[in-house]
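J.: The structure that follows is given in the form of structure tokens.
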Amino acid sequence: MDKPVLKNSLRLFSCFENVKSRSMFGGFGIFSGETMFALVVNDKLHLRANAKNEEEYKLAGLKPYVYKKRGFPVVTKQYAIPEEWWDQPEKIISQATRSLDAAKQDKETKSKSGPSRIKDLPNLRLANERMLKKAGITSVEQLFETGAINAYKALQETHRDTVNVELLWALEGAVSGKHWSVITQQRRSELLSQLR
């Protein structure tokens with residue numbers, strides 16, 4: 001039943017570039033382009049907090065949205081705005097501008113630092129991360145240092161029956177930051193000759 005609040009929020013935020021909504025966290029994330037800066041859930045508009053205004057939000061008695069993931073509570077950076085703010089649309093827009101700036105900044109910082117876990121690399125999943133851990137490769141840095149060929153060889157040692165050549169392409173893609181399907185035939189031949 002978030003629709004009226006979502007509709008009002010989208011209308012209010014039409015001053016931002018390319019505003020759209022997407023189902024998220026049991027509600028609707030509000031995005032400018034590809035950057036989420038607000039959330040509508042439980043009939044409330046939530047604005048994303050940052051280091052500068054999070055304390056301010058807490059002092060004002062605003063509460064963060066909490067959802068459950070695998071039975072555990074996850075506290076988000078999205079704070080529910082008070083009902084009275086709807087009487088001051090300029091206040092909501094001003095705070096939302098700060099939220100959008102903070103979200104963009106966080107996104108930029110995250111993209112510069114790259115993924116912190118193996119499972120977050122292109123082509124790899126949690127199962128691959130566990131396999132690599134068993135083979136002694138426990139971090140993204142270690143995987144990059146080891147390289148696709150040596151990581152694949154280590155996996156052959158520990159997981160003889162479950163390792164196929166597609167995993168080699170996946171590892172090469174993960175190390176080079178691309179989808180395995182775009183690895184050229186020439187590169188694949190080089191990798192196979194290094195394996196022999």
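Identifiers for the structure tokens are assigned positionally: chains receive A, B, ... in sequence, residues are indexed from 1 per chain, and ligands are indexed from 1 in the order shown.
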Considering only strand (DSSP E or B) as DSSP defines it on the backbone, what residues of chain A qualify? List them as a ChimeraX atom specification.
T.: /A:19-24,27-32,35-41,44-48,64-69,72-80
J.: Give one line per residue of segment 109-180 of chain A that approaches segment 186-192 of chain A to at most 9 Å, naming the two atoms of the closest pair and their distance in Å to one decimal, counting only C-alpha atoms; sort by chain then ascending residue number and deliver it as a Markdown table.
T.:
| residue | atom | partner | partner_atom | distance |
| --- | --- | --- | --- | --- |
| A:Ala148 | CA | A:Leu191 | CA | 8.6 |
| A:Ile149 | CA | A:Leu191 | CA | 6.8 |
| A:Val165 | CA | A:Leu192 | CA | 8.8 |
| A:Leu168 | CA | A:Leu191 | CA | 8.2 |
| A:Trp169 | CA | A:Arg188 | CA | 7.4 |
| A:Glu172 | CA | A:Leu191 | CA | 8.8 |
J.: Please save all heavy atoms of the selected residues as a compact mmCIF listing (two decimals), in the first residue's frame.
T.:
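Just written: result-v4.txt:
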# COMPACT_ATOMS: atom_id res chain seq x y z
N ALA A 148 44.58 -16.56 -12.89
CA ALA A 148 43.55 -17.54 -13.25
C ALA A 148 44.12 -18.96 -13.37
O ALA A 148 43.55 -19.91 -12.84
CB ALA A 148 42.87 -17.13 -14.55
N ILE A 149 45.26 -19.10 -14.05
CA ILE A 149 45.85 -20.42 -14.29
C ILE A 149 46.20 -21.13 -12.98
O ILE A 149 45.80 -22.27 -12.74
CB ILE A 149 47.12 -20.31 -15.18
CG1 ILE A 149 46.71 -20.11 -16.64
CG2 ILE A 149 48.01 -21.53 -15.07
CD1 ILE A 149 46.11 -21.34 -17.29
N VAL A 165 36.58 -26.77 -17.62
CA VAL A 165 37.28 -25.67 -18.28
C VAL A 165 36.50 -24.34 -18.21
O VAL A 165 37.09 -23.27 -18.24
CB VAL A 165 37.68 -26.07 -19.71
CG1 VAL A 165 36.50 -25.98 -20.67
CG2 VAL A 165 38.82 -25.21 -20.22
N LEU A 168 37.77 -22.12 -15.65
CA LEU A 168 38.99 -21.39 -16.02
C LEU A 168 38.62 -20.07 -16.71
O LEU A 168 39.19 -19.03 -16.40
CB LEU A 168 39.87 -22.25 -16.93
CG LEU A 168 41.15 -21.59 -17.46
CD1 LEU A 168 42.04 -21.09 -16.33
CD2 LEU A 168 41.91 -22.55 -18.36
N TRP A 169 37.63 -20.12 -17.62
CA TRP A 169 37.19 -18.87 -18.28
C TRP A 169 36.60 -17.91 -17.25
O TRP A 169 36.85 -16.71 -17.30
CB TRP A 169 36.15 -19.13 -19.37
CG TRP A 169 36.38 -20.25 -20.35
CD1 TRP A 169 35.41 -21.01 -20.93
CD2 TRP A 169 37.62 -20.72 -20.90
NE1 TRP A 169 35.96 -21.92 -21.78
CE2 TRP A 169 37.32 -21.78 -21.79
CE3 TRP A 169 38.96 -20.37 -20.71
CZ2 TRP A 169 38.29 -22.47 -22.50
CZ3 TRP A 169 39.94 -21.06 -21.41
CH2 TRP A 169 39.61 -22.09 -22.29
N GLU A 172 39.46 -16.32 -15.30
CA GLU A 172 40.16 -15.35 -16.14
C GLU A 172 39.34 -14.05 -16.25
O GLU A 172 39.87 -12.95 -16.14
CB GLU A 172 40.41 -15.95 -17.54
CG GLU A 172 41.03 -14.99 -18.54
CD GLU A 172 42.44 -14.52 -18.18
OE1 GLU A 172 43.10 -15.12 -17.30
OE2 GLU A 172 42.88 -13.53 -18.79
J.: List every residue of segment 125-167 of chain A that DSSP, applied to the backbone of this structure, assigns to helix (DSSP H, G or I), and report them as a ChimeraX atom specification.
T.: /A:126-134,140-158,160-162,165-167
J.: For the contact check between segment 167-195 of chain A and segment 99-123 of chain A, emit one row per residue of segment 167-195 of chain A within 9 Å, containing the shortest atom pair and the distance in Å rounded to one decimal, counting only C-alpha atoms, chain then rising number order, as a tab-separated table.
T.:
residue	atom	partner	partner_atom	distance
A:Leu167	CA	A:Asn123	CA	9.0
A:Trp169	CA	A:Asn123	CA	8.9
A:Ala170	CA	A:Asn123	CA	5.3
A:Leu171	CA	A:Asn123	CA	7.5
A:Gly173	CA	A:Pro122	CA	6.6
A:Ala174	CA	A:Pro122	CA	4.8
A:Val175	CA	A:Leu121	CA	8.0
A:Ser176	CA	A:Pro122	CA	8.9
A:Gly177	CA	A:Pro122	CA	6.2
A:Lys178	CA	A:Pro122	CA	6.1
A:His179	CA	A:Pro122	CA	6.1
A:Trp180	CA	A:Asn123	CA	6.7
J.: Could you pull the residues within 8 Å of segment 35-42 of chain A, counting only C-alpha atoms, minus those fewer than 3 positions along the same chain, as a PyMOL selection string?
T.: chain A and resi 1-2+5-6+25-32+45-48+78+96+99-100+103-104+107
J.: Mind giving me the straight-line distance from atom CA of Val19 of chain A to atom CA of Gln95 of chain A in Å, one decimal?
T.: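 Computing it gives 16.0 Å between the two atoms.
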J.: Would you compute the distance between atom CA of Pro64 of chain A and atom CA of Ser23 of chain A? Give it in Å to one decimal.
T.: 18.2 Å
J.: Between A:Gly33, A:Gly136, A:Pro4, A:Gly61, which is the closest to Pro82 of chain A once you count only C-alpha atoms?
T.: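 Counting only C-alpha atoms, the residue closest to Pro82 of chain A is A:Gly61.
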